[in-house]
Amino acid sequence: MGKTHLMVAIGNFVIDHWNGEPELDRWGNLATRCPIRFEKGPELVVRVRATYSIRDKDNHHEREEDIYNELKGVKLLLLDDVGKEKPSDFTRQLYWSVIDERVTNGLPVVMTCRLPLDELAELMGEDTVDRLYGMARGRIEVLEGKSYRRLKKIA
């Protein structure tokens, strides 16, 4: 089907046409930030969950706030393979936080998922999917076709 391939092509287009707008970093210095961020949904869930088992004096591990700050304000967020995680209150809260921040700041997200909208709502929450639907102005692309890997017998 090529969902990730298509999403990466969108990312490449954005990078190729980006004019390098400088931004202020967290210290107030001018910096050029990559305009896109690529995240796999299941890995994002694992990363955030892993922050909950950090010992108090452990300064060498990622913190939950750091992960959200990496995603915050990036010009284009690419979320791949959403839906391979187990639905839970945790996944609904995580996706709500990410998507709500994007909607609030008028920033786009491109997402790949094999789930139909009703199952996606179970994973992300009804309100989050409603926000995604609104961001897309109701235009959701459904790719149909056989798996490219199966067609080409790629292991």
# chains A, B, ... in the order shown; residues from 1 in each chain; ligands from 1
>>> residues_around(residues="region 98-113 of chain A", least_positions_apart="4", cutoff="8 Å", atoms="only C-alpha atoms", output="ChimeraX atom specification")
/A:3-4,7,68,71-83,94,128,131-132,135
>>> write_last_selection(atoms="N, CA and C atoms", output="mmCIF file, in the first residue's frame")
data_model
loop_
_atom_site.group_PDB
_atom_site.id
_atom_site.type_symbol
_atom_site.label_atom_id
_atom_site.label_comp_id
_atom_site.auth_asym_id
_atom_site.auth_seq_id
_atom_site.Cartn_x
_atom_site.Cartn_y
_atom_site.Cartn_z
ATOM 1 N N LYS A 3 1.888 3.412 2.641
ATOM 2 C CA LYS A 3 1.490 4.536 3.499
ATOM 3 C C LYS A 3 2.704 5.314 4.009
ATOM 4 N N THR A 4 3.670 4.601 4.541
ATOM 5 C CA THR A 4 4.859 5.264 5.075
ATOM 6 C C THR A 4 5.644 5.924 3.944
ATOM 7 N N MET A 7 4.021 9.140 3.139
ATOM 8 C CA MET A 7 4.236 10.113 4.207
ATOM 9 C C MET A 7 5.665 10.675 4.155
ATOM 10 N N TYR A 68 7.434 15.652 24.959
ATOM 11 C CA TYR A 68 6.400 16.572 24.483
ATOM 12 C C TYR A 68 7.009 17.842 23.905
ATOM 13 N N LEU A 71 8.079 17.502 20.301
ATOM 14 C CA LEU A 71 6.975 17.504 19.346
ATOM 15 C C LEU A 71 6.316 18.878 19.229
ATOM 16 N N LYS A 72 6.393 19.635 20.296
ATOM 17 C CA LYS A 72 5.711 20.919 20.387
ATOM 18 C C LYS A 72 6.287 21.920 19.392
ATOM 19 N N GLY A 73 5.427 22.487 18.588
ATOM 20 C CA GLY A 73 5.827 23.559 17.700
ATOM 21 C C GLY A 73 6.525 23.146 16.424
ATOM 22 N N VAL A 74 6.817 21.859 16.253
ATOM 23 C CA VAL A 74 7.451 21.440 15.005
ATOM 24 C C VAL A 74 6.458 21.710 13.864
ATOM 25 N N LYS A 75 6.963 22.201 12.742
ATOM 26 C CA LYS A 75 6.101 22.646 11.643
ATOM 27 C C LYS A 75 5.197 21.530 11.095
ATOM 28 N N LEU A 76 5.722 20.315 11.008
ATOM 29 C CA LEU A 76 4.941 19.189 10.508
ATOM 30 C C LEU A 76 5.303 17.949 11.309
ATOM 31 N N LEU A 77 4.296 17.335 11.902
ATOM 32 C CA LEU A 77 4.499 16.099 12.654
ATOM 33 C C LEU A 77 4.014 14.934 11.807
ATOM 34 N N LEU A 78 4.893 13.951 11.624
ATOM 35 C CA LEU A 78 4.552 12.731 10.893
ATOM 36 C C LEU A 78 4.429 11.599 11.908
ATOM 37 N N LEU A 79 3.233 11.046 12.053
ATOM 38 C CA LEU A 79 2.990 9.933 12.974
ATOM 39 C C LEU A 79 2.720 8.681 12.151
ATOM 40 N N ASP A 80 3.591 7.705 12.271
ATOM 41 C CA ASP A 80 3.515 6.492 11.468
ATOM 42 C C ASP A 80 3.019 5.308 12.297
ATOM 43 N N ASP A 81 2.299 4.428 11.663
ATOM 44 C CA ASP A 81 1.854 3.157 12.265
ATOM 45 C C ASP A 81 1.020 3.327 13.522
ATOM 46 N N VAL A 82 0.265 4.403 13.603
ATOM 47 C CA VAL A 82 -0.628 4.580 14.746
ATOM 48 C C VAL A 82 -1.660 3.455 14.705
ATOM 49 N N GLY A 83 -1.918 2.880 15.848
ATOM 50 C CA GLY A 83 -2.922 1.825 15.927
ATOM 51 C C GLY A 83 -2.348 0.475 16.255
ATOM 52 N N LEU A 94 -2.200 10.524 25.864
ATOM 53 C CA LEU A 94 -1.007 10.887 25.098
ATOM 54 C C LEU A 94 -1.395 11.502 23.756
ATOM 55 N N THR A 128 -10.237 13.255 20.266
ATOM 56 C CA THR A 128 -8.993 13.381 19.502
ATOM 57 C C THR A 128 -9.241 13.102 18.024
ATOM 58 N N ARG A 131 -10.995 15.939 16.458
ATOM 59 C CA ARG A 131 -10.065 17.026 16.146
ATOM 60 C C ARG A 131 -9.279 16.724 14.867
ATOM 61 N N LEU A 132 -8.820 15.491 14.736
ATOM 62 C CA LEU A 132 -8.110 15.105 13.512
ATOM 63 C C LEU A 132 -9.017 15.277 12.294
ATOM 64 N N MET A 135 -9.220 18.885 11.532
ATOM 65 C CA MET A 135 -7.975 19.370 10.922
ATOM 66 C C MET A 135 -7.932 19.022 9.437
#
>>> select_by_dssp(residues="chain A", states="alpha helix (DSSP H)", output="PyMOL selection string")
chain A and resi 3-16+41-50+64-71+89-104+117-124+126-135+148-151
>>> atom_distance(atom1="CA of Glu39 (chain A)", atom2="CA of Asp130 (chain A)")
21.1 Å
>>> residues_around(residues="Lys146 (chain A)", least_positions_apart="3", cutoff="10 Å", atoms="only C-alpha atoms", output="JSON, numbers by chain")
{"A": [1, 2, 143, 149, 150, 151]}
>>> write_last_selection(atoms="N, CA and C atoms", output="CSV table (one decimal), in the first residue's frame")
chain,number,residue,atom,x,y,z
A,1,MET,N,0.8,-1.2,0.0
A,1,MET,CA,0.0,0.0,0.0
A,1,MET,C,0.9,1.3,0.0
A,2,GLY,N,2.0,1.3,0.7
A,2,GLY,CA,2.9,2.4,0.6
A,2,GLY,C,2.5,3.6,1.5
A,143,LEU,N,-6.2,4.4,1.6
A,143,LEU,CA,-5.4,3.7,0.5
A,143,LEU,C,-5.9,2.3,0.5
A,149,ARG,N,4.8,-5.3,0.2
A,149,ARG,CA,5.8,-6.4,0.6
A,149,ARG,C,5.3,-7.7,0.2
A,150,ARG,N,4.0,-8.0,0.3
A,150,ARG,CA,3.4,-9.3,-0.1
A,150,ARG,C,3.5,-9.4,-1.6
A,151,LEU,N,3.2,-8.4,-2.3
A,151,LEU,CA,3.2,-8.4,-3.8
A,151,LEU,C,4.6,-8.7,-4.3
>>> closest_residue(among="A:Glu122, A:Glu70, A:Asp16, A:Glu64", to="Ser88 (chain A)", atoms="only C-alpha atoms")
A:Glu122
>>> closest_residue(among="A:Ser97, A:Ile154, A:Arg92, A:Ala136", to="Met124 (chain A)", atoms="only C-alpha atoms")
A:Arg92
>>> closest_residue(among="A:Arg137, A:Pro87, A:Leu44, A:Lys57", to="Ala121 (chain A)", atoms="only C-alpha atoms")
A:Pro87
>>> atom_distance(atom1="CA of Leu120 (chain A)", atom2="CA of Phe90 (chain A)")
14.3 Å
>>> residues_around(residues="Thr51 (chain A)", least_positions_apart="3", cutoff="7 Å", atoms="only C-alpha atoms", output="PyMOL selection string")
chain A and resi 47-48+54+62-64
>>> write_last_selection(atoms="C-alpha atoms", output="mmCIF file, in the first residue's frame")
data_model
loop_
_atom_site.group_PDB
_atom_site.id
_atom_site.type_symbol
_atom_site.label_atom_id
_atom_site.label_comp_id
_atom_site.auth_asym_id
_atom_site.auth_seq_id
_atom_site.Cartn_x
_atom_site.Cartn_y
_atom_site.Cartn_z
ATOM 1 C CA ARG A 47 9.150 6.302 25.076
ATOM 2 C CA VAL A 48 6.664 8.193 27.216
ATOM 3 C CA ILE A 54 13.086 6.856 36.048
ATOM 4 C CA GLU A 62 14.525 11.158 28.749
ATOM 5 C CA ARG A 63 11.764 12.862 30.719
ATOM 6 C CA GLU A 64 8.110 12.992 29.648
#
>>> closest_residue(among="A:Leu123, A:Ile10, A:Ile36, A:Leu117", to="Lys84 (chain A)", atoms="only C-alpha atoms")
A:Leu123
>>> closest_residue(among="A:Ile67, A:Cys34, A:Val142, A:Gly11", to="Ala50 (chain A)", atoms="only C-alpha atoms")
A:Ile67
